[in-house]
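Chemist: Sharing coords-v4.pdb here; it has PDB, C-alpha atoms and all ligand atoms.
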```
MODEL        1
ATOM      1  CA  MET A   1     127.986  72.622  70.923
ATOM      2  CA  ALA A   2     130.048  70.274  68.712
ATOM      3  CA  PHE A   3     133.792  70.064  69.335
ATOM      4  CA  ASP A   4     136.309  68.088  67.302
ATOM      5  CA  ALA A   5     137.417  64.784  68.829
ATOM      6  CA  GLY A   6     140.681  66.162  70.217
ATOM      7  CA  THR A   7     139.011  69.117  71.913
ATOM      8  CA  ALA A   8     136.194  66.922  73.241
ATOM      9  CA  ALA A   9     138.760  64.613  74.856
ATOM     10  CA  ALA A  10     140.671  67.556  76.337
ATOM     11  CA  LEU A  11     137.401  68.955  77.695
ATOM     12  CA  ALA A  12     136.526  65.651  79.327
ATOM     13  CA  ALA A  13     139.971  65.369  80.904
ATOM     14  CA  THR A  14     139.770  68.944  82.195
ATOM     15  CA  ARG A  15     136.330  68.310  83.685
ATOM     16  CA  GLU A  16     137.835  65.365  85.578
ATOM     17  CA  SER A  17     140.702  67.546  86.862
ATOM     18  CA  LEU A  18     138.234  70.199  87.994
ATOM     19  CA  ARG A  19     136.066  67.661  89.799
ATOM     20  CA  ALA A  20     139.100  66.379  91.655
ATOM     21  CA  ALA A  21     140.359  69.872  92.509
ATOM     22  CA  ARG A  22     139.763  71.231  95.966
ATOM     23  CA  ARG A  23     140.651  74.744  94.866
ATOM     24  CA  ILE A  24     140.223  76.202  91.411
ATOM     25  CA  ALA A  25     141.590  79.550  90.250
ATOM     26  CA  VAL A  26     140.385  81.252  87.087
ATOM     27  CA  LEU A  27     142.342  84.079  85.470
ATOM     28  CA  THR A  28     140.346  85.945  82.847
ATOM     29  CA  GLY A  29     141.157  88.582  80.253
ATOM     30  CA  ALA A  30     139.347  90.579  77.605
ATOM     31  CA  GLY A  31     138.503  87.447  75.573
ATOM     32  CA  VAL A  32     135.808  86.394  78.081
ATOM     33  CA  SER A  33     133.868  89.525  77.210
ATOM     34  CA  ALA A  34     134.412  89.309  73.437
ATOM     35  CA  GLU A  35     131.200  87.330  72.929
ATOM     36  CA  SER A  36     129.303  90.047  74.812
ATOM     37  CA  GLY A  37     130.466  92.493  72.158
ATOM     38  CA  VAL A  38     133.266  94.164  74.137
ATOM     39  CA  PRO A  39     136.415  94.599  72.028
ATOM     40  CA  THR A  40     139.641  92.982  73.225
ATOM     41  CA  PHE A  41     142.961  94.850  73.190
ATOM     42  CA  ARG A  42     145.278  92.775  71.044
ATOM     43  CA  ASP A  43     143.105  90.859  68.575
ATOM     44  CA  ALA A  44     144.579  91.720  65.204
ATOM     45  CA  LEU A  45     141.744  93.664  63.564
ATOM     46  CA  THR A  46     139.189  94.295  66.284
ATOM     47  CA  GLY A  47     141.333  94.915  69.378
ATOM     48  CA  TYR A  48     141.702  98.450  70.770
ATOM     49  CA  TRP A  49     145.462  98.365  70.367
ATOM     50  CA  ALA A  50     145.055  97.609  66.658
ATOM     51  CA  THR A  51     143.739 101.163  66.197
ATOM     52  CA  PHE A  52     145.105 103.105  69.165
ATOM     53  CA  ARG A  53     148.474 103.324  70.861
ATOM     54  CA  PRO A  54     148.294 102.427  74.550
ATOM     55  CA  GLU A  55     150.753 105.209  75.339
ATOM     56  CA  ASP A  56     148.205 107.740  74.001
ATOM     57  CA  LEU A  57     145.291 106.433  76.060
ATOM     58  CA  ALA A  58     146.334 104.253  78.944
ATOM     59  CA  THR A  59     149.118 106.058  80.766
ATOM     60  CA  GLU A  60     149.201 108.852  83.324
ATOM     61  CA  ALA A  61     151.388 110.910  80.992
ATOM     62  CA  ALA A  62     148.756 110.635  78.244
ATOM     63  CA  TYR A  63     146.058 111.852  80.628
ATOM     64  CA  ARG A  64     148.116 114.822  81.771
ATOM     65  CA  ARG A  65     148.919 115.670  78.140
ATOM     66  CA  ASP A  66     145.389 115.435  76.807
ATOM     67  CA  PRO A  67     142.790 114.702  79.510
ATOM     68  CA  GLN A  68     139.860 115.277  77.190
ATOM     69  CA  ARG A  69     140.993 112.718  74.639
ATOM     70  CA  VAL A  70     141.599 110.035  77.261
ATOM     71  CA  TRP A  71     138.390 110.876  79.142
ATOM     72  CA  ASP A  72     136.390 110.596  75.917
ATOM     73  CA  TRP A  73     137.835 107.163  75.162
ATOM     74  CA  TYR A  74     136.896 105.821  78.587
ATOM     75  CA  ALA A  75     133.470 107.499  78.387
ATOM     76  CA  GLU A  76     132.893 105.748  75.071
ATOM     77  CA  ARG A  77     133.881 102.402  76.586
ATOM     78  CA  ARG A  78     131.553 102.996  79.565
ATOM     79  CA  LYS A  79     128.696 103.863  77.232
ATOM     80  CA  ARG A  80     129.233 100.700  75.234
ATOM     81  CA  LEU A  81     128.993  98.663  78.443
ATOM     82  CA  GLN A  82     125.474  99.930  79.060
ATOM     83  CA  HIS A  83     124.389  98.019  75.973
ATOM     84  CA  VAL A  84     126.083  94.677  76.590
ATOM     85  CA  GLN A  85     125.240  91.728  78.810
ATOM     86  CA  PRO A  86     127.310  89.010  80.477
ATOM     87  CA  ASN A  87     127.590  85.960  78.208
ATOM     88  CA  ALA A  88     127.416  82.214  78.843
ATOM     89  CA  GLY A  89     131.054  82.153  79.975
ATOM     90  CA  HIS A  90     130.506  84.751  82.704
ATOM     91  CA  THR A  91     127.306  82.995  83.748
ATOM     92  CA  ALA A  92     128.912  79.545  83.924
ATOM     93  CA  LEU A  93     131.555  80.907  86.328
ATOM     94  CA  ALA A  94     128.983  82.700  88.503
ATOM     95  CA  ASP A  95     126.649  79.707  88.661
ATOM     96  CA  PHE A  96     129.513  77.372  89.525
ATOM     97  CA  ALA A  97     130.586  79.643  92.389
ATOM     98  CA  ARG A  98     127.024  79.615  93.722
ATOM     99  CA  ARG A  99     126.862  75.808  93.628
ATOM    100  CA  HIS A 100     130.377  75.347  95.077
ATOM    101  CA  PRO A 101     130.902  78.142  97.610
ATOM    102  CA  GLY A 102     134.547  78.858  98.421
ATOM    103  CA  ARG A 103     135.971  76.514  95.800
ATOM    104  CA  LEU A 104     136.651  78.933  92.946
ATOM    105  CA  ALA A 105     138.739  82.113  93.047
ATOM    106  CA  LEU A 106     138.006  84.399  90.112
ATOM    107  CA  ILE A 107     140.807  86.768  89.140
ATOM    108  CA  THR A 108     140.182  89.160  86.274
ATOM    109  CA  GLN A 109     142.160  91.709  84.315
ATOM    110  CA  ASN A 110     138.899  93.105  82.985
ATOM    111  CA  VAL A 111     137.510  96.438  84.085
ATOM    112  CA  ASP A 112     134.102  95.952  82.454
ATOM    113  CA  GLY A 113     132.284  94.598  85.537
ATOM    114  CA  LEU A 114     130.650  91.773  83.569
ATOM    115  CA  HIS A 115     131.745  89.023  85.978
ATOM    116  CA  GLN A 116     130.209  91.021  88.823
ATOM    117  CA  ARG A 117     127.029  91.662  86.825
ATOM    118  CA  ALA A 118     126.758  87.926  86.126
ATOM    119  CA  GLY A 119     126.744  87.379  89.898
ATOM    120  CA  SER A 120     130.269  86.150  90.588
ATOM    121  CA  PRO A 121     131.116  86.859  94.230
ATOM    122  CA  ASP A 122     134.430  88.280  95.485
ATOM    123  CA  VAL A 123     135.889  88.973  92.047
ATOM    124  CA  ILE A 124     139.582  89.839  92.345
ATOM    125  CA  ALA A 125     139.868  92.813  89.982
ATOM    126  CA  LEU A 126     143.526  93.354  89.149
ATOM    127  CA  HIS A 127     143.154  96.322  86.807
ATOM    128  CA  GLY A 128     140.448  98.375  88.502
ATOM    129  CA  ASP A 129     136.924  99.328  87.510
ATOM    130  CA  LEU A 130     135.924 101.271  84.415
ATOM    131  CA  GLY A 131     132.799 102.504  86.192
ATOM    132  CA  ALA A 132     134.707 104.165  89.042
ATOM    133  CA  GLU A 133     136.795 107.346  89.325
ATOM    134  CA  GLN A 134     139.536 108.616  91.572
ATOM    135  CA  TRP A 135     141.629 111.806  91.935
ATOM    136  CA  LEU A 136     144.603 112.146  89.624
ATOM    137  CA  ASP A 137     146.725 113.915  92.253
ATOM    138  CA  ARG A 138     146.524 113.363  95.980
ATOM    139  CA  PRO A 139     143.345 115.228  97.022
ATOM    140  CA  ARG A 140     143.663 118.327  99.211
ATOM    141  CA  SER A 141     141.034 119.712 101.573
ATOM    142  CA  CYS A 142     139.567 121.763  98.719
ATOM    143  CA  CYS A 143     139.053 118.784  96.421
ATOM    144  CA  LEU A 144     135.430 118.253  95.504
ATOM    145  CA  PRO A 145     134.494 117.204  91.979
ATOM    146  CA  ASP A 146     132.296 120.272  91.783
ATOM    147  CA  PHE A 147     133.469 121.766  88.541
ATOM    148  CA  THR A 148     131.868 119.410  86.074
ATOM    149  CA  GLU A 149     130.974 120.425  82.569
ATOM    150  CA  ASP A 150     129.071 117.878  80.554
ATOM    151  CA  GLY A 151     131.419 115.586  78.664
ATOM    152  CA  HIS A 152     134.577 117.004  80.261
ATOM    153  CA  PRO A 153     136.723 115.377  82.924
ATOM    154  CA  PRO A 154     135.464 116.582  86.320
ATOM    155  CA  ARG A 155     137.921 118.667  88.322
ATOM    156  CA  CYS A 156     138.175 120.476  91.630
ATOM    157  CA  GLY A 157     136.951 124.047  91.103
ATOM    158  CA  VAL A 158     139.612 125.413  93.478
ATOM    159  CA  CYS A 159     142.899 123.695  92.618
ATOM    160  CA  GLY A 160     142.036 122.074  89.292
ATOM    161  CA  ASN A 161     142.857 118.502  90.420
ATOM    162  CA  LEU A 162     141.315 116.148  87.884
ATOM    163  CA  ARG A 163     139.223 113.044  88.338
ATOM    164  CA  ARG A 164     140.446 110.029  86.354
ATOM    165  CA  PRO A 165     139.124 106.553  85.609
ATOM    166  CA  ALA A 166     139.914 104.125  88.445
ATOM    167  CA  VAL A 167     141.756 101.722  86.187
ATOM    168  CA  VAL A 168     145.372 100.648  86.240
ATOM    169  CA  TRP A 169     147.388 102.370  83.524
ATOM    170  CA  PHE A 170     150.645 101.138  82.047
ATOM    171  CA  GLY A 171     153.503 101.778  84.429
ATOM    172  CA  GLU A 172     151.250 101.838  87.499
ATOM    173  CA  ALA A 173     151.196  99.389  90.378
ATOM    174  CA  LEU A 174     148.283  96.975  90.723
ATOM    175  CA  PRO A 175     146.033  97.409  93.776
ATOM    176  CA  ALA A 176     148.065  95.706  96.489
ATOM    177  CA  GLU A 177     145.201  93.886  98.145
ATOM    178  CA  ALA A 178     143.906  92.427  94.871
ATOM    179  CA  LEU A 179     147.376  91.349  93.789
ATOM    180  CA  ALA A 180     148.041  89.666  97.136
ATOM    181  CA  ALA A 181     144.712  87.818  96.960
ATOM    182  CA  ALA A 182     145.435  86.738  93.390
ATOM    183  CA  GLU A 183     148.911  85.485  94.246
ATOM    184  CA  GLN A 184     147.553  83.563  97.175
ATOM    185  CA  ALA A 185     144.846  81.961  95.012
ATOM    186  CA  ALA A 186     147.409  81.070  92.338
ATOM    187  CA  ALA A 187     149.732  79.474  94.867
ATOM    188  CA  ALA A 188     146.945  77.498  96.547
ATOM    189  CA  CYS A 189     144.971  76.154  93.590
ATOM    190  CA  ASP A 190     145.006  72.636  92.170
ATOM    191  CA  VAL A 191     143.822  73.765  88.735
ATOM    192  CA  MET A 192     144.083  77.173  87.099
ATOM    193  CA  LEU A 193     141.946  78.033  84.085
ATOM    194  CA  VAL A 194     143.461  80.862  82.041
ATOM    195  CA  VAL A 195     140.648  82.221  79.879
ATOM    196  CA  GLY A 196     140.670  84.814  77.124
ATOM    197  CA  THR A 197     143.959  86.512  77.820
ATOM    198  CA  SER A 198     146.955  87.053  75.553
ATOM    199  CA  GLY A 199     149.194  86.655  78.604
ATOM    200  CA  ALA A 200     151.162  89.681  77.453
ATOM    201  CA  VAL A 201     150.726  91.848  80.539
ATOM    202  CA  TYR A 202     152.512  91.284  83.832
ATOM    203  CA  PRO A 203     152.148  90.834  86.759
ATOM    204  CA  ALA A 204     148.769  89.280  85.804
ATOM    205  CA  ALA A 205     150.310  86.757  83.401
ATOM    206  CA  GLY A 206     152.832  85.787  86.069
ATOM    207  CA  LEU A 207     149.982  84.226  88.053
ATOM    208  CA  ALA A 208     149.871  81.324  85.596
ATOM    209  CA  HIS A 209     153.601  80.721  86.091
ATOM    210  CA  ARG A 210     153.089  80.924  89.819
ATOM    211  CA  ALA A 211     150.271  78.351  89.787
ATOM    212  CA  ARG A 212     152.319  76.005  87.634
ATOM    213  CA  ALA A 213     155.376  76.373  89.864
ATOM    214  CA  ALA A 214     153.219  75.532  92.883
ATOM    215  CA  GLY A 215     152.144  72.280  91.239
ATOM    216  CA  ALA A 216     148.766  73.255  89.807
ATOM    217  CA  GLN A 217     147.534  72.057  86.459
ATOM    218  CA  VAL A 218     147.249  75.041  84.113
ATOM    219  CA  VAL A 219     144.591  74.904  81.379
ATOM    220  CA  ILE A 220     144.226  77.605  78.749
ATOM    221  CA  VAL A 221     140.888  78.428  77.125
ATOM    222  CA  ASN A 222     141.500  80.516  74.024
ATOM    223  CA  PRO A 223     140.639  80.065  70.343
ATOM    224  CA  HIS A 224     144.108  81.376  69.421
ATOM    225  CA  GLU A 225     147.690  81.002  70.568
ATOM    226  CA  SER A 226     148.719  83.011  73.605
ATOM    227  CA  ASP A 227     151.986  83.973  75.260
ATOM    228  CA  LEU A 228     151.165  81.550  78.074
ATOM    229  CA  ASP A 229     150.751  78.406  75.954
ATOM    230  CA  ALA A 230     154.165  77.108  76.987
ATOM    231  CA  VAL A 231     153.130  77.213  80.664
ATOM    232  CA  ALA A 232     149.980  75.187  80.065
ATOM    233  CA  ASP A 233     149.396  71.506  80.698
ATOM    234  CA  ARG A 234     146.441  71.625  78.337
ATOM    235  CA  LEU A 235     145.145  73.945  75.626
ATOM    236  CA  LEU A 236     141.408  74.155  74.949
ATOM    237  CA  ARG A 237     140.994  75.815  71.567
ATOM    238  CA  GLY A 238     137.512  77.253  71.816
ATOM    239  CA  THR A 239     135.766  80.386  72.966
ATOM    240  CA  SER A 240     134.966  81.234  76.528
ATOM    241  CA  ALA A 241     131.174  81.154  76.038
ATOM    242  CA  GLN A 242     131.447  77.714  74.414
ATOM    243  CA  VAL A 243     134.024  76.076  76.647
ATOM    244  CA  LEU A 244     133.228  77.330  80.177
ATOM    245  CA  PRO A 245     129.655  75.964  80.220
ATOM    246  CA  GLU A 246     131.023  72.612  78.965
ATOM    247  CA  LEU A 247     133.523  72.539  81.809
ATOM    248  CA  LEU A 248     131.469  73.902  84.660
ATOM    249  CA  GLN A 249     127.787  73.170  84.135
ATOM    250  CA  HIS A 250     125.791  70.215  85.458
ATOM    251  CA  TRP A 251     127.876  69.245  88.461
TER     252      TRP A 251
HETATM  253  P1  LIG A 301     144.177  90.879  74.992
HETATM  254  O1  LIG A 301     143.400  91.681  74.012
HETATM  255  O2  LIG A 301     145.637  91.094  75.074
HETATM  256  O3  LIG A 301     143.936  89.340  74.716
HETATM  257  C1  LIG A 301     142.640  88.839  74.474
HETATM  258  C2  LIG A 301     142.754  87.354  74.284
HETATM  259  O4  LIG A 301     141.438  86.835  74.205
HETATM  260  C3  LIG A 301     143.489  86.919  73.008
HETATM  261  O5  LIG A 301     144.450  85.946  73.335
HETATM  262  C4  LIG A 301     142.383  86.326  72.134
HETATM  263  O6  LIG A 301     142.849  85.239  71.341
HETATM  264  C5  LIG A 301     141.420  85.842  73.184
HETATM  265  N1  LIG A 301     140.024  85.740  72.733
HETATM  266  C6  LIG A 301     139.376  86.459  71.786
HETATM  267  N2  LIG A 301     138.083  86.096  71.728
HETATM  268  C7  LIG A 301     137.913  85.122  72.658
HETATM  269  C8  LIG A 301     136.794  84.352  73.090
HETATM  270  N3  LIG A 301     135.587  84.518  72.558
HETATM  271  N4  LIG A 301     136.993  83.446  74.076
HETATM  272  C9  LIG A 301     138.211  83.276  74.637
HETATM  273  N5  LIG A 301     139.305  83.971  74.267
HETATM  274  C10 LIG A 301     139.153  84.889  73.294
HETATM  275  O7  LIG A 301     143.460  91.103  76.421
HETATM  276  P2  LIG A 301     144.080  90.832  77.869
HETATM  277  O8  LIG A 301     144.951  89.646  77.863
HETATM  278  O9  LIG A 301     142.946  90.883  78.812
HETATM  279  O10 LIG A 301     145.158  96.403  80.625
HETATM  280  O11 LIG A 301     144.959  92.128  78.043
HETATM  281  C11 LIG A 301     145.628  92.340  79.255
HETATM  282  C12 LIG A 301     145.608  93.797  79.617
HETATM  283  O12 LIG A 301     146.143  94.582  78.533
HETATM  284  C13 LIG A 301     144.221  94.367  79.817
HETATM  285  O13 LIG A 301     143.732  94.167  81.132
HETATM  286  C14 LIG A 301     144.429  95.826  79.550
HETATM  287  C15 LIG A 301     145.305  95.726  78.322
HETATM  288  O14 LIG A 301     146.091  96.822  78.050
HETATM  289  C16 LIG A 301     144.610  97.362  81.375
HETATM  290  O15 LIG A 301     143.520  97.824  81.158
HETATM  291  C17 LIG A 301     145.466  97.794  82.508
ENDMDL
END
```
For the file at hand, write its structure as structure tokens.
Ligand code: OAD

Modeler:
Amino acid sequence: MAFDAGTAAALAATRESLRAARRIAVLTGAGVSAESGVPTFRDALTGYWATFRPEDLATEAAYRRDPQRVWDWYAERRKRLQHVQPNAGHTALADFARRHPGRLALITQNVDGLHQRAGSPDVIALHGDLGAEQWLDRPRSCCLPDFTEDGHPPRCGVCGNLRRPAVVWFGEALPAEALAAAEQAAAACDVMLVVGTSGAVYPAAGLAHRARAAGAQVVIVNPHESDLDAVADRLLRGTSAQVLPELLQHW
């Protein structure tokens, strides 16, 4: 992979920082899966939020208003995932973790499971799991997802309680355990790589500020500008599948 001279120098410097780091944290977003063929959210033409409004698809109110529409959108995203594979960026992170046990904490906003499928251990998943479901309302003793018609959101046949995707919707709290683990990793790391995220969504984006405030070097991997550029010590303008192998392979 050929990089321009400036990027090549920044890559070399980042590799040195990573080698010297006792603890590395990596915060990923939708951009790490873009080269697997999974759409991002905010890329201008191809991102989900270029076509859809998040308040119609990614809030509890939207689900209560029109469960079928929201269910269909998540079902479509799940189906798409059956046809994609982890890319060289996911693999570089997983292989590095295998070679350097305990040195890298991987925090992701992604719900696509591709880091896990690539073999990354102990992934800190801040926004849930697209492949999992949970009850919409607190389940009662009657609640079994027994009333399931093909293609419709499953519900309890007695009280009607709906199943929903186990992802974090706008306005909802992040899973407490994952957030605590992520904050701890951000506070303890020597270098944080921020890969493929617009940095527009908090509290996830706040982890980069937290790492920086704790004295870590923050390096952004993104072909475009992001909301976190001002927090970064270094910007690597390339794609995840190009840059991560350059940074993490062969040592
Ligand atoms: P965004 O869609 O907001 O940002 C994707 C970022 O990836 C952009 O900055 C792109 O420039 C960058 N990008 C695109 N292709 C890339 C590539 N090949 N390599 C590296 N970077 C690339 O996605 P997130 O920041 O992940 O929330 O969005 C954060 C949250 O907003 C998501 O987790 C989701 C969404 O609403 C929930 O699902 C709760």

Chemist: Could you tell me which residues the PyMOL selection byres (((chain A and resi 12) around 12) and not hetatm) returns for this structure, as a PyMOL selection string?

Modeler: chain A and resi 3+5-11+13-19+234+236+243+246-248

Chemist: Could you please extract the residues within 9 Å of ligand LIG 301 (chain A), counting all atoms listed in the file, and hand them back as a PyMOL selection string?

Modeler: chain A and resi 28-36+39-44+47-49+54+58+89+108-111+126-128+130+167-170+172+174+195-202+204-205+221-227+237-243

Chemist: Dump C-alpha atoms for the selected residues as a compact mmCIF listing (two decimals), keeping the file's coordinate frame?

Modeler:
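Result went into again-v3.txt, see below:
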```
# COMPACT_ATOMS: atom_id res chain seq x y z
CA THR A 28 140.35 85.94 82.85
CA GLY A 29 141.16 88.58 80.25
CA ALA A 30 139.35 90.58 77.60
CA GLY A 31 138.50 87.45 75.57
CA VAL A 32 135.81 86.39 78.08
CA SER A 33 133.87 89.52 77.21
CA ALA A 34 134.41 89.31 73.44
CA GLU A 35 131.20 87.33 72.93
CA SER A 36 129.30 90.05 74.81
CA PRO A 39 136.42 94.60 72.03
CA THR A 40 139.64 92.98 73.22
CA PHE A 41 142.96 94.85 73.19
CA ARG A 42 145.28 92.78 71.04
CA ASP A 43 143.10 90.86 68.58
CA ALA A 44 144.58 91.72 65.20
CA GLY A 47 141.33 94.92 69.38
CA TYR A 48 141.70 98.45 70.77
CA TRP A 49 145.46 98.36 70.37
CA PRO A 54 148.29 102.43 74.55
CA ALA A 58 146.33 104.25 78.94
CA GLY A 89 131.05 82.15 79.97
CA THR A 108 140.18 89.16 86.27
CA GLN A 109 142.16 91.71 84.32
CA ASN A 110 138.90 93.10 82.98
CA VAL A 111 137.51 96.44 84.08
CA LEU A 126 143.53 93.35 89.15
CA HIS A 127 143.15 96.32 86.81
CA GLY A 128 140.45 98.38 88.50
CA LEU A 130 135.92 101.27 84.42
CA VAL A 167 141.76 101.72 86.19
CA VAL A 168 145.37 100.65 86.24
CA TRP A 169 147.39 102.37 83.52
CA PHE A 170 150.65 101.14 82.05
CA GLU A 172 151.25 101.84 87.50
CA LEU A 174 148.28 96.98 90.72
CA VAL A 195 140.65 82.22 79.88
CA GLY A 196 140.67 84.81 77.12
CA THR A 197 143.96 86.51 77.82
CA SER A 198 146.96 87.05 75.55
CA GLY A 199 149.19 86.66 78.60
CA ALA A 200 151.16 89.68 77.45
CA VAL A 201 150.73 91.85 80.54
CA TYR A 202 152.51 91.28 83.83
CA ALA A 204 148.77 89.28 85.80
CA ALA A 205 150.31 86.76 83.40
CA VAL A 221 140.89 78.43 77.12
CA ASN A 222 141.50 80.52 74.02
CA PRO A 223 140.64 80.06 70.34
CA HIS A 224 144.11 81.38 69.42
CA GLU A 225 147.69 81.00 70.57
CA SER A 226 148.72 83.01 73.60
CA ASP A 227 151.99 83.97 75.26
CA ARG A 237 140.99 75.82 71.57
CA GLY A 238 137.51 77.25 71.82
CA THR A 239 135.77 80.39 72.97
CA SER A 240 134.97 81.23 76.53
CA ALA A 241 131.17 81.15 76.04
CA GLN A 242 131.45 77.71 74.41
CA VAL A 243 134.02 76.08 76.65
```

Chemist: Please evaluate the PyMOL selection byres (((chain A and resi 92) around 9) and not hetatm) against the displayed coordinates and give the resulting residues as a ChimeraX atom specification.

Modeler: /A:87-91,93-97,118,241,244-249

Chemist: Using only C-alpha atoms and a cutoff of 12 Å, can you tell me which residues are near (143.3, 89.2, 97.3) in the file's coordinates, and write them out as an NGL selection string?

Modeler: :A and (105-108 or 122-126 or 174-187)

Chemist: Show which residues sit within 8 Å of stretch 161-163 of chain A, as a PyMOL selection string. Count only C-alpha atoms, and ignore same-chain residues fewer than 2 positions away.

Modeler: chain A and resi 133-137+139+143+145+153-156+159+165

Chemist: Mind pulling up the distance from atom CA of A:Arg103 to atom CA of A:Met192?

Modeler: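 Atom-to-atom, atom CA of A:Met192 to atom CA of A:Arg103, that is 11.9 Å.
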
Chemist: Would you work out the distance separating atom CA of A:Arg212 from atom CA of A:Pro121, expressed in Å to one decimal?

Modeler: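 Going from atom CA of A:Arg212 over to atom CA of A:Pro121 covers 24.7 Å.
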
Chemist: Translate the PyMOL selection byres (((chain A and resi 55) around 12) and not hetatm), as applied to the file shown, into an explicit residue set as a short mmCIF file (atom, residue, chain, number, x, y, z; two decimals) with C-alpha atoms, keeping the file's coordinate frame.

Modeler:
```cif
data_model
loop_
_atom_site.label_atom_id
_atom_site.label_comp_id
_atom_site.auth_asym_id
_atom_site.auth_seq_id
_atom_site.Cartn_x
_atom_site.Cartn_y
_atom_site.Cartn_z
CA TRP A 49 145.46 98.36 70.37
CA PHE A 52 145.10 103.10 69.17
CA ARG A 53 148.47 103.32 70.86
CA PRO A 54 148.29 102.43 74.55
CA ASP A 56 148.21 107.74 74.00
CA LEU A 57 145.29 106.43 76.06
CA ALA A 58 146.33 104.25 78.94
CA THR A 59 149.12 106.06 80.77
CA GLU A 60 149.20 108.85 83.32
CA ALA A 61 151.39 110.91 80.99
CA ALA A 62 148.76 110.64 78.24
CA TYR A 63 146.06 111.85 80.63
CA ARG A 64 148.12 114.82 81.77
CA ARG A 65 148.92 115.67 78.14
CA ASP A 66 145.39 115.44 76.81
CA VAL A 70 141.60 110.04 77.26
CA TRP A 169 147.39 102.37 83.52
CA PHE A 170 150.65 101.14 82.05
CA GLY A 171 153.50 101.78 84.43
#
```

Chemist: As an exercise, work out the distance from atom CA of A:Asp233 to atom CA of A:Arg210 in Å and give it to one decimal place.

Modeler: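 Straight-line distance from atom CA of A:Asp233 to atom CA of A:Arg210 works out to 13.6 Å.
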